[in-house]
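Enquirer: query.csv (CSV, C-alpha atoms and all ligand atoms) pasted underneath:
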chain,number,residue,atom,x,y,z
A,1142,MET,CA,69.6,68.7,83.2
A,1143,LYS,CA,67.0,71.5,83.2
A,1144,THR,CA,67.8,72.3,86.8
A,1145,MET,CA,71.5,72.4,86.0
A,1146,LYS,CA,71.0,74.9,83.3
A,1147,HIS,CA,68.7,76.9,85.5
A,1148,ILE,CA,71.3,77.1,88.3
A,1149,ARG,CA,74.1,78.0,85.8
A,1150,TYR,CA,72.0,80.8,84.3
A,1151,GLY,CA,71.1,81.9,87.8
A,1152,SER,CA,74.7,82.2,89.0
A,1153,TRP,CA,75.7,84.0,85.8
A,1154,GLY,CA,72.9,86.4,86.4
A,1155,ALA,CA,74.0,86.9,90.0
A,1156,LEU,CA,77.5,87.5,88.9
A,1157,ALA,CA,76.4,90.0,86.2
A,1158,LEU,CA,74.3,91.8,88.8
A,1159,ALA,CA,77.2,91.9,91.3
A,1160,MET,CA,79.5,93.3,88.6
A,1161,LEU,CA,76.9,95.9,87.6
A,1162,LEU,CA,76.4,97.0,91.2
A,1163,THR,CA,80.2,97.2,91.8
A,1164,LEU,CA,80.5,99.4,88.7
A,1165,VAL,CA,77.5,101.6,89.2
A,1166,GLY,CA,77.5,101.6,93.1
A,1167,PRO,CA,80.0,104.4,93.5
A,1168,PHE,CA,78.1,106.6,91.2
A,1169,TYR,CA,74.6,105.8,92.4
A,1170,SER,CA,74.0,104.5,95.9
A,1171,PRO,CA,70.9,105.7,97.6
A,1172,ALA,CA,71.8,103.4,100.5
A,1173,ALA,CA,74.8,105.6,101.3
A,1174,GLU,CA,72.3,108.4,102.2
A,1175,ALA,CA,71.7,106.5,105.4
A,1176,HIS,CA,74.8,104.6,106.4
A,1177,GLY,CA,73.7,101.9,108.7
A,1178,GLU,CA,71.7,104.0,111.2
A,1179,ARG,CA,69.3,101.1,111.7
A,1180,ALA,CA,71.5,98.2,110.7
A,1181,GLN,CA,72.7,97.3,114.1
A,1182,GLN,CA,70.7,95.2,116.5
A,1183,ALA,CA,68.1,97.1,118.5
A,1184,SER,CA,69.5,96.1,121.9
A,1185,LEU,CA,72.9,97.2,120.8
A,1186,ARG,CA,71.7,100.6,119.7
A,1187,MET,CA,69.6,101.1,122.9
A,1188,ARG,CA,72.1,99.7,125.4
A,1189,THR,CA,75.5,101.0,124.4
A,1190,MET,CA,75.6,104.8,124.2
A,1191,HIS,CA,73.0,107.5,125.0
A,1192,TRP,CA,73.7,110.5,122.9
A,1193,PHE,CA,72.1,113.8,123.7
A,1194,ASP,CA,72.4,117.6,123.1
A,1195,THR,CA,74.0,116.8,119.7
A,1196,GLU,CA,74.7,120.0,117.7
A,1197,ILE,CA,76.5,120.5,114.4
A,1198,GLN,CA,77.2,124.0,113.3
A,1199,PRO,CA,77.3,125.6,110.8
A,1200,ARG,CA,75.4,123.4,108.4
A,1201,LYS,CA,76.6,125.2,105.3
A,1202,VAL,CA,80.3,125.9,104.8
A,1203,ALA,CA,82.8,126.4,102.0
A,1204,VAL,CA,86.0,124.4,101.5
A,1205,ASN,CA,88.5,125.4,104.2
A,1206,GLU,CA,85.8,126.6,106.7
A,1207,THR,CA,85.2,124.8,109.9
A,1208,VAL,CA,82.3,122.9,111.5
A,1209,HIS,CA,81.8,122.2,115.2
A,1210,VAL,CA,80.4,118.8,116.2
A,1211,THR,CA,79.4,119.0,119.9
A,1212,GLY,CA,77.2,117.2,122.4
A,1213,ARG,CA,77.1,114.8,125.3
A,1214,PHE,CA,76.9,111.0,125.8
A,1215,MET,CA,76.5,108.5,128.5
A,1216,PRO,CA,77.6,104.9,128.2
A,1217,SER,CA,74.7,102.7,129.2
A,1218,GLN,CA,74.8,100.8,132.5
A,1219,TRP,CA,72.9,98.1,130.6
A,1220,TRP,CA,75.9,97.6,128.3
A,1221,PRO,CA,75.4,94.1,126.7
A,1222,GLU,CA,77.6,91.3,128.2
A,1223,HIS,CA,78.5,89.9,124.7
A,1224,ILE,CA,80.0,93.2,123.5
A,1225,ARG,CA,83.4,94.4,124.4
A,1226,SER,CA,83.1,97.2,127.0
A,1227,VAL,CA,83.7,100.9,126.3
A,1228,GLU,CA,85.5,100.8,129.7
A,1229,GLU,CA,88.4,98.9,128.0
A,1230,SER,CA,89.3,100.9,124.9
A,1231,ALA,CA,87.5,103.5,122.9
A,1232,PHE,CA,88.1,106.4,120.5
A,1233,MET,CA,86.1,109.5,119.8
A,1234,ASN,CA,85.5,109.6,116.1
A,1235,ILE,CA,83.4,111.2,113.4
A,1236,GLY,CA,81.4,109.2,110.8
A,1237,VAL,CA,81.4,110.8,107.3
A,1238,PRO,CA,81.8,108.8,104.1
A,1239,GLY,CA,85.2,109.5,102.6
A,1240,PRO,CA,87.9,111.9,103.5
A,1241,ALA,CA,85.6,114.9,103.1
A,1242,PHE,CA,86.7,116.7,106.3
A,1243,LEU,CA,89.9,117.2,108.3
A,1244,ARG,CA,89.8,116.7,112.0
A,1245,ILE,CA,91.6,119.8,113.4
A,1246,ASP,CA,90.8,119.3,117.1
A,1247,SER,CA,88.9,116.7,119.1
A,1248,ARG,CA,88.2,116.9,122.8
A,1249,VAL,CA,86.2,115.0,125.5
A,1250,ASN,CA,85.7,116.9,128.7
A,1251,GLY,CA,88.5,119.2,127.5
A,1252,VAL,CA,91.1,116.4,127.1
A,1253,PRO,CA,92.6,116.1,123.5
A,1254,MET,CA,91.4,112.9,121.9
A,1255,ILE,CA,94.4,112.2,119.7
A,1256,ARG,CA,94.8,108.8,121.4
A,1257,SER,CA,92.3,106.2,122.6
A,1258,THR,CA,90.8,106.3,126.0
A,1259,ARG,CA,88.1,104.6,128.1
A,1260,PHE,CA,84.6,105.8,129.1
A,1261,HIS,CA,82.8,104.6,132.2
A,1262,LEU,CA,79.3,103.2,132.3
A,1263,GLY,CA,76.6,105.6,133.6
A,1264,LYS,CA,78.9,108.6,133.5
A,1265,THR,CA,78.4,111.7,131.4
A,1266,TYR,CA,80.9,113.1,128.9
A,1267,GLU,CA,80.9,116.2,126.8
A,1268,TYR,CA,82.7,116.3,123.4
A,1269,ASP,CA,83.7,119.0,120.9
A,1270,VAL,CA,85.2,118.1,117.6
A,1271,LEU,CA,86.4,120.7,115.1
A,1272,LEU,CA,86.3,119.7,111.4
A,1273,LYS,CA,87.7,121.6,108.4
A,1274,ALA,CA,85.8,121.1,105.1
A,1275,ARG,CA,88.0,119.5,102.4
A,1276,ALA,CA,85.7,118.2,99.6
A,1277,PRO,CA,82.5,119.8,98.3
A,1278,GLY,CA,79.3,117.7,98.8
A,1279,ARG,CA,76.5,117.0,101.2
A,1280,TYR,CA,77.4,114.9,104.2
A,1281,HIS,CA,75.5,113.2,107.0
A,1282,ILE,CA,77.9,113.9,109.9
A,1283,HIS,CA,77.7,111.6,113.0
A,1284,PRO,CA,79.7,111.7,116.2
A,1285,VAL,CA,81.0,108.1,116.7
A,1286,ILE,CA,82.6,106.2,119.5
A,1287,SER,CA,84.7,103.4,118.1
A,1288,VAL,CA,84.9,100.7,120.7
A,1289,GLU,CA,87.8,98.2,120.3
A,1290,GLY,CA,86.3,94.8,119.5
A,1291,ALA,CA,82.8,96.1,119.3
A,1292,GLY,CA,83.0,98.5,116.3
A,1293,PRO,CA,81.6,102.0,115.8
A,1294,ILE,CA,78.7,103.2,117.9
A,1295,ILE,CA,77.1,106.1,116.0
A,1296,GLY,CA,75.3,109.1,117.4
A,1297,PRO,CA,72.6,111.3,115.9
A,1298,ALA,CA,73.5,113.1,112.6
A,1299,PHE,CA,72.9,116.3,110.8
A,1300,TRP,CA,73.4,117.2,107.1
A,1301,VAL,CA,76.2,119.6,106.3
A,1302,GLU,CA,76.7,121.0,102.8
A,1303,VAL,CA,80.2,121.9,101.7
A,1304,THR,CA,80.5,124.3,98.7
A,1305,GLY,CA,83.5,125.4,96.7
A,1306,ASP,CA,86.3,123.6,95.0
A,1307,GLN,CA,88.6,120.9,96.5
A,1308,LYS,CA,91.5,122.5,94.6
A,1309,ASP,CA,91.3,125.5,96.9
A,1310,PHE,CA,91.7,123.3,100.0
A,1311,LYS,CA,94.7,124.4,102.0
A,1312,HIS,CA,96.4,122.3,104.7
A,1313,THR,CA,99.9,122.9,106.1
A,1314,ILE,CA,101.6,121.7,109.2
A,1315,THR,CA,104.8,123.1,110.8
A,1316,THR,CA,106.9,120.2,112.0
A,1317,MET,CA,108.8,120.1,115.3
A,1318,THR,CA,111.9,121.0,113.4
A,1319,GLY,CA,110.3,124.0,111.8
A,1320,ASN,CA,109.5,122.7,108.3
A,1321,VAL,CA,106.2,123.7,106.8
A,1322,ILE,CA,104.8,120.8,104.9
A,1323,ASN,CA,101.6,120.0,103.0
A,1324,PRO,CA,100.4,116.5,104.2
A,1325,GLU,CA,98.3,116.2,101.0
A,1326,THR,CA,101.4,115.9,98.9
A,1327,TYR,CA,104.2,115.4,101.4
A,1328,ALA,CA,106.8,112.9,100.2
A,1329,MET,CA,104.5,111.8,97.4
A,1330,SER,CA,107.4,111.0,95.0
A,1331,THR,CA,109.1,108.8,97.6
A,1332,ILE,CA,105.8,106.9,98.2
A,1333,LEU,CA,105.2,106.4,94.4
A,1334,TRP,CA,108.8,105.3,93.9
A,1335,TRP,CA,108.7,102.7,96.7
A,1336,ASN,CA,105.4,101.3,95.5
A,1337,ALA,CA,106.6,101.1,91.9
A,1338,LEU,CA,109.9,99.3,93.1
A,1339,TRP,CA,108.0,96.7,95.1
A,1340,PHE,CA,105.5,96.2,92.3
A,1341,VAL,CA,108.3,95.5,89.8
A,1342,ILE,CA,110.0,93.1,92.3
A,1343,GLY,CA,106.7,91.3,92.8
A,1344,ILE,CA,106.0,90.9,89.1
A,1345,ALA,CA,109.5,89.7,88.4
A,1346,TRP,CA,109.1,87.0,91.2
A,1347,LEU,CA,105.8,85.8,89.7
A,1348,ALA,CA,107.2,85.9,86.2
A,1349,TRP,CA,110.0,83.6,87.2
A,1350,TRP,CA,107.7,81.0,88.6
A,1351,PHE,CA,105.0,81.3,85.9
A,1352,ARG,CA,107.6,81.0,83.0
A,1353,LYS,CA,107.0,77.2,82.9
A,1354,LEU,CA,103.3,77.0,82.0
A,1355,PRO,CA,101.0,75.4,83.0
A,1356,VAL,CA,101.0,76.2,86.7
A,1357,ILE,CA,98.7,76.3,89.7
A,1358,MET,CA,96.3,73.4,89.3
A,1359,PRO,CA,98.3,71.2,86.9
A,1360,ARG,CA,101.4,71.8,88.9
A,1361,TYR,CA,99.5,71.0,92.1
A,1362,ILE,CA,98.3,67.7,90.6
A,1363,LYS,CA,102.0,66.9,89.6
A,1364,VAL,CA,103.1,67.6,93.2
A,1365,GLU,CA,100.4,65.2,94.4
A,1366,GLU,CA,101.5,62.5,91.9
A,1367,LEU,CA,105.1,62.8,92.7
A,1368,GLY,CA,104.6,62.7,96.5
A,1369,ASP,CA,107.9,62.6,98.3
A,1370,ASP,CA,109.7,63.2,95.0
A,1371,ALA,CA,108.0,66.5,94.4
A,1372,ASN,CA,111.2,68.4,95.4
A,1373,GLN,CA,112.6,67.5,91.9
A,1374,LEU,CA,110.2,70.1,90.4
A,1375,ILE,CA,112.4,72.8,91.8
A,1376,THR,CA,115.6,73.1,89.8
A,1377,ILE,CA,119.0,74.4,90.5
A,1378,PRO,CA,118.3,77.7,88.5
A,1379,ASP,CA,115.1,78.1,90.6
A,1380,MET,CA,117.2,77.9,93.8
A,1381,ILE,CA,119.8,80.3,92.5
A,1382,VAL,CA,117.2,82.9,91.4
A,1383,SER,CA,115.4,82.5,94.7
A,1384,ALA,CA,118.6,83.2,96.7
A,1385,LEU,CA,119.3,86.2,94.5
A,1386,PHE,CA,115.8,87.6,95.0
A,1387,PHE,CA,116.2,87.1,98.8
A,1388,GLY,CA,119.5,88.8,98.9
A,1389,PHE,CA,118.2,91.7,96.7
A,1390,VAL,CA,115.1,92.2,98.9
A,1391,MET,CA,117.2,92.3,102.1
A,1392,LEU,CA,119.5,94.8,100.4
A,1393,VAL,CA,116.6,97.0,99.4
A,1394,ILE,CA,115.1,96.9,102.9
A,1395,ALA,CA,118.4,97.7,104.6
A,1396,GLY,CA,119.3,100.4,102.0
A,1397,GLY,CA,115.9,102.0,102.5
A,1398,TYR,CA,116.3,102.0,106.2
A,1399,PHE,CA,119.7,103.7,106.1
A,1400,TRP,CA,118.6,106.1,103.5
A,1401,ALA,CA,115.6,107.2,105.5
A,1402,ASN,CA,117.7,107.5,108.7
A,1403,TYR,CA,120.2,109.7,106.8
A,1404,GLN,CA,117.4,111.8,105.1
A,1405,TYR,CA,115.3,112.3,108.3
A,1406,PRO,CA,117.6,112.1,111.3
A,1407,ILE,CA,115.0,113.5,113.7
A,1408,THR,CA,111.8,111.6,114.0
A,1409,SER,CA,109.2,111.0,116.8
A,1410,VAL,CA,107.4,107.8,117.5
A,1411,LEU,CA,103.7,107.4,117.0
A,1412,GLN,CA,102.0,107.5,120.4
A,1413,THR,CA,99.8,104.6,121.3
A,1414,GLY,CA,99.2,104.7,125.0
A,1415,LYS,CA,95.8,105.6,126.4
A,1416,VAL,CA,94.8,109.0,127.8
A,1417,GLU,CA,92.5,109.2,130.8
A,1418,VAL,CA,89.4,111.4,130.8
A,1419,GLU,CA,87.6,112.3,134.0
A,1420,PRO,CA,83.8,112.1,133.6
A,1421,LEU,CA,81.8,115.2,134.2
A,1422,PRO,CA,80.9,115.7,137.9
A,1423,GLN,CA,77.7,113.8,138.7
A,1424,PRO,CA,75.0,116.2,139.9
A,1425,PRO,CA,73.2,114.9,143.1
A,1426,GLN,CA,70.3,112.6,142.1
A,1427,MET,CA,67.2,114.7,142.5
A,1428,VAL,CA,64.7,112.4,140.7
A,1429,GLU,CA,64.8,108.7,141.4
A,1430,VAL,CA,63.2,106.2,139.1
A,1431,GLU,CA,62.5,102.5,139.5
A,1432,VAL,CA,61.2,100.6,136.5
A,1433,ASN,CA,58.3,98.3,137.5
A,1434,LYS,CA,57.3,97.0,134.1
A,1435,ALA,CA,58.1,97.8,130.4
A,1436,THR,CA,55.9,96.4,127.7
A,1437,TYR,CA,55.7,96.8,124.0
A,1438,ARG,CA,52.1,96.5,122.8
A,1439,ILE,CA,52.4,95.1,119.3
A,1440,PRO,CA,49.0,96.0,117.8
A,1441,GLY,CA,49.3,99.6,119.0
A,1442,ARG,CA,53.0,100.0,118.3
A,1443,SER,CA,53.2,101.4,121.8
A,1444,PHE,CA,56.0,101.1,124.2
A,1445,GLN,CA,55.0,101.7,127.8
A,1446,VAL,CA,57.0,101.9,131.0
A,1447,GLU,CA,55.5,101.8,134.4
A,1448,MET,CA,57.8,103.2,137.0
A,1449,THR,CA,57.9,104.6,140.5
A,1450,VAL,CA,59.3,108.1,140.7
A,1451,THR,CA,60.6,109.9,143.8
A,1452,ASN,CA,61.0,113.7,143.5
A,1453,ARG,CA,63.7,115.0,145.8
A,1454,SER,CA,64.1,118.3,144.0
A,1455,PRO,CA,62.5,121.5,145.5
A,1456,ARG,CA,60.1,121.9,142.5
A,1457,PRO,CA,57.5,119.8,140.8
A,1458,VAL,CA,58.9,117.6,137.9
A,1459,GLN,CA,57.4,116.0,134.8
A,1460,VAL,CA,58.8,113.6,132.2
A,1461,GLY,CA,59.7,115.6,129.1
A,1462,GLU,CA,61.8,113.3,126.9
A,1463,PHE,CA,62.4,109.6,126.4
A,1464,ASN,CA,65.6,109.1,124.5
A,1465,ALA,CA,66.3,105.6,123.1
A,1466,ALA,CA,68.7,104.5,120.4
A,1467,ASN,CA,69.2,108.1,119.2
A,1468,ILE,CA,65.4,108.6,118.8
A,1469,ARG,CA,63.9,111.5,120.9
A,1470,PHE,CA,60.3,110.9,122.0
A,1471,ILE,CA,59.1,114.3,123.2
A,1472,ASN,CA,56.2,115.1,125.6
A,1473,ASN,CA,54.8,118.0,123.6
A,1474,LYS,CA,52.7,119.2,126.5
A,1475,LEU,CA,55.9,120.2,128.2
A,1476,LEU,CA,58.5,120.7,125.5
A,1477,ASN,CA,58.5,122.2,122.0
A,1478,VAL,CA,61.2,120.2,120.2
A,1479,LYS,CA,60.8,119.7,116.5
A,1480,ALA,CA,62.9,117.8,114.0
A,1481,GLN,CA,65.4,120.2,112.6
A,1482,GLU,CA,65.5,118.4,109.3
A,1483,LYS,CA,64.1,115.3,107.6
A,1484,ASP,CA,66.5,112.8,109.1
A,1485,ASP,CA,66.6,114.3,112.6
A,1486,LEU,CA,65.1,111.5,114.7
A,1487,VAL,CA,62.7,113.5,116.8
A,1488,ALA,CA,59.2,112.2,117.5
A,1489,ALA,CA,57.8,115.7,118.5
A,1490,THR,CA,54.6,114.2,119.9
A,1491,GLY,CA,55.8,110.7,120.5
A,1492,LEU,CA,55.7,110.7,124.3
A,1493,ARG,CA,52.4,110.6,126.2
A,1494,VAL,CA,52.5,111.3,129.9
A,1495,ASP,CA,49.1,111.4,131.5
A,1496,ASN,CA,49.9,112.0,135.1
A,1497,PRO,CA,50.1,115.5,136.7
A,1498,PRO,CA,53.6,116.7,137.8
A,1499,ILE,CA,55.2,114.9,140.7
A,1500,GLN,CA,55.4,117.2,143.7
A,1501,PRO,CA,58.6,117.8,145.8
A,1502,GLY,CA,59.0,114.9,148.2
A,1503,GLU,CA,56.3,112.8,146.5
A,1504,THR,CA,56.7,109.2,145.4
A,1505,ARG,CA,54.3,108.1,142.8
A,1506,THR,CA,53.9,105.3,140.2
A,1507,ILE,CA,53.4,106.6,136.7
A,1508,THR,CA,53.2,105.2,133.2
A,1509,ILE,CA,54.6,106.8,130.1
A,1510,TYR,CA,53.8,105.8,126.5
A,1511,ALA,CA,56.3,106.2,123.6
A,1512,ASP,CA,54.1,105.7,120.6
A,1513,ASP,CA,55.6,106.6,117.2
A,1514,ALA,CA,56.1,104.9,113.8
A,1515,LEU,CA,59.9,105.5,114.4
A,1516,TRP,CA,59.8,102.4,116.6
A,1517,GLU,CA,59.0,100.5,113.5
A,1518,THR,CA,61.0,102.4,110.9
A,1519,TYR,CA,64.1,102.3,113.1
A,1520,ARG,CA,63.5,98.6,113.7
A,1521,LEU,CA,63.6,98.9,117.5
A,1522,THR,CA,60.7,96.5,117.7
A,1523,SER,CA,63.0,93.7,116.7
A,1524,LEU,CA,64.0,93.8,120.4
A,1525,ILE,CA,61.1,91.4,121.0
A,1526,ASN,CA,62.9,88.8,118.8
A,1527,GLU,CA,66.2,89.0,120.6
A,1528,PRO,CA,67.4,86.5,123.2
A,1529,ASP,CA,68.4,89.3,125.5
A,1530,GLY,CA,65.3,91.5,125.1
A,1531,ARG,CA,66.2,94.2,127.4
A,1532,PHE,CA,65.9,97.9,126.7
A,1533,ALA,CA,67.7,101.0,128.0
A,1534,ALA,CA,66.8,104.7,127.6
A,1535,LEU,CA,67.6,108.1,128.9
A,1536,LEU,CA,64.7,109.7,130.7
A,1537,MET,CA,64.6,113.4,131.1
A,1538,PHE,CA,62.6,115.2,133.8
A,1539,PHE,CA,62.0,118.9,133.8
A,1540,ASP,CA,60.8,121.1,136.6
A,1541,ASP,CA,58.5,124.1,136.1
A,1542,GLN,CA,61.6,126.3,135.6
A,1543,GLY,CA,63.1,124.2,132.9
A,1544,THR,CA,65.8,122.5,135.0
A,1545,ARG,CA,66.7,119.1,133.6
A,1546,TYR,CA,67.2,116.0,135.6
A,1547,MET,CA,68.4,112.9,133.8
A,1548,GLN,CA,68.1,109.3,134.7
A,1549,GLU,CA,68.9,106.2,132.8
A,1550,ILE,CA,66.3,103.5,132.9
A,1551,GLY,CA,66.3,99.9,131.6
A,1552,GLY,CA,65.2,96.4,132.1
A,1553,PRO,CA,63.3,93.6,130.4
A,1554,MET,CA,60.9,94.5,127.7
A,1555,ILE,CA,57.9,92.2,127.5
A,1556,PRO,CA,55.8,92.0,124.3
A,1557,SER,CA,52.1,92.2,124.6
A,1558,PHE,CA,49.8,90.9,121.9
A,1559,GLY,CA,46.4,92.3,123.1
A,1601,CU,CU,73.9,109.1,108.6
Translate this structure into structure tokens?

Expert:
Amino acid sequence: MKTMKHIRYGSWGALALAMLLTLVGPFYSPAAEAHGERAQQASLRMRTMHWFDTEIQPRKVAVNETVHVTGRFMPSQWWPEHIRSVEESAFMNIGVPGPAFLRIDSRVNGVPMIRSTRFHLGKTYEYDVLLKARAPGRYHIHPVISVEGAGPIIGPAFWVEVTGDQKDFKHTITTMTGNVINPETYAMSTILWWNALWFVIGIAWLAWWFRKLPVIMPRYIKVEELGDDANQLITIPDMIVSALFFGFVMLVIAGGYFWANYQYPITSVLQTGKVEVEPLPQPPQMVEVEVNKATYRIPGRSFQVEMTVTNRSPRPVQVGEFNAANIRFINNKLLNVKAQEKDDLVAATGLRVDNPPIQPGETRTITIYADDALWETYRLTSLINEPDGRFAALLMFFDDQGTRYMQEIGGPMIPSFG
């Protein structure tokens, strides 16, 4: 008995909490500050999309002003088997909570991204999305690739502050027939009118069947009791009213169709076909990398990769950056890259490279160490608990003149406990 009571109070408490969160959530939600950056599986974040050169400018605009989201990405060659491939169907998107911006233009390698496309593994793409500020606020803007069947794969973000008043937001479109319309309010009365009509029809239909109380469970029990004779619960007036409803609904649909055709004789069909995007031309591979062994040393929180590097470029090269799951581990002896803001995922001293630069024509085995608390805070270490514990990352080499050579690396990640 005591337990019963306990359970009942417990579930009431949970219900009350859920209701409270539902009510208060929209007004106070610290979780919305970070919207799932670390929620996805580590292997999924590491082995789907490598985002780099991300830039969002300007970071402070007024309503009606524009923001450019630009950068590059490379779908991983270690794309997980169990996730639908980006080579099937994908869409270039932007991740911002709510309709705070308007997407004015979106291009990948210069091709307009109004429709879906496909991206090829191991190839490089360059995107440029132009947004127009609509609502004041402070937003964490992410580039996103939405992959059909796999969901959104988010890139690095920057905070953008929008000032001003939403009432001043202006948005007009000139249609193909020359009408200038405001999509914010276009045909609003027709939308409201149709919704109200269907709402009334729905309520009337429910009212007819609910007029003979009690319904739902008692009526279900009656149907069960009567068995084959349950049909007698439906009376002749029920049938007449149902037929009238059916006829009326058909009439409304047909009438709406003819009315719309008469009102808007020229329409164009929403386009759904895919558009093809050529990847950026692949530069000749000047630095070759073969991963020998990758281990994550749990006590030291240190990820180390032993690899054999062949330098075919005309100048000495060195590892400058290790980019995994949107986190940039930087070799600060070579590059001076600092986090631009608090949530910018840069480990400015996170990459340790002890070897001297690799000379032209030389092949050498080196080890790099990515040691930073970000491994832990961004829950990448959970990779060691996954059944397919493989990693992938983008490795960036630089020569003494600053030329960048990129190479994706990947393979099994072995935990080490000593
Ligand atoms: Cu974010």

Enquirer: Counting all atoms listed in the file, figure out which residue out of A:Lys1483, A:Leu1411, A:Met1329, A:Pro1297 gets nearest to ligand CU 1601 (chain A).

Expert: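 Of all the options, A:Pro1297 lies closest to ligand CU 1601 (chain A).
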
Enquirer: Restricting the calculation to only C-alpha atoms and all ligand atoms, which member of A:Ala1180, A:Ala1298, A:Ile1357, A:Leu1536 is positioned closest to ligand CU 1601 (chain A)?

Expert: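 Ranked by minimum distance to ligand CU 1601 (chain A), first place goes to A:Ala1298.
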
Enquirer: Can you tell me how far atom CA of His1223 of chain A sits from atom CA of Pro1253 of chain A, in Å to one decimal?

Expert: 29.8 Å

Enquirer: Tell me, in Å to one decimal, how far atom CA of Thr1315 of chain A is from atom CA of Asn1234 of chain A.

Expert: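 Calculated distance between atom CA of Thr1315 of chain A and atom CA of Asn1234 of chain A is 24.1 Å.
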
Enquirer: Tell me, in Å to one decimal, how far atom CA of Ser1557 of chain A is from atom CA of Thr1522 of chain A.

Expert: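 Those two atoms sit 11.8 Å apart.
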
Enquirer: Would you pick out the contacts of Pro1440 of chain A at 12 Å or less, using all atoms listed in the file, so that residues sharing its chain but fewer than 4 positions from it are not included, and give the list as a list in words?

Expert: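 Once the nearby chain positions are removed, what remains is Phe1444, Asp1512, Glu1517, Thr1522, Pro1556, Ser1557, Phe1558 and Gly1559 of chain A.
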
Enquirer: Compare A:Leu1421, A:Ala1466, A:Trp1350, A:Ile1381 by their minimum atom-to-atom distance to Arg1213 of chain A, counting only C-alpha atoms, and give me the closest one.

Expert: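 Closest to Arg1213 of chain A of all the choices is A:Leu1421.
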
Enquirer: Set the distance at 7 Å and use all atoms listed in the file: which residues neighbour segment 1453-1461 of chain A once local chain neighbours fewer than 6 positions away are removed? I'd like the list as a VMD selection string.

Expert: chain A and resid 1427 to 1428 1471 to 1472 1475 to 1476 1498 to 1502 1537 to 1541

Enquirer: Can you work out which one of A:Arg1469, A:His1281, A:Arg1505, A:Arg1225 has the shortest atom-to-atom distance to ligand CU 1601 (chain A), counting all atoms listed in the file?

Expert: A:His1281

Enquirer: Go through A:Leu1515, A:Met1547, A:Met1554, A:Leu1243 one by one, measure the shortest atom-to-atom distance of each to Pro1424 of chain A using all atoms listed in the file, and give the residue with the smallest value.

Expert: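 The closest residue to Pro1424 of chain A is A:Met1547.
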
Enquirer: Considering only C-alpha atoms and all ligand atoms, can you say which of A:His1283, A:Lys1353, A:Lys1264, A:Arg1438 comes closest to ligand CU 1601 (chain A)?

Expert: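 Result for the nearest residue to ligand CU 1601 (chain A): A:His1283.
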
Enquirer: Select all residues near (108.5, 103.6, 98.1) (cut-off 12 Å, inclusive, file coordinates), counting only C-alpha atoms, and output them as a PyMOL selection string.

Expert: chain A and resi 1328-1341+1393-1394+1396-1398+1400-1401
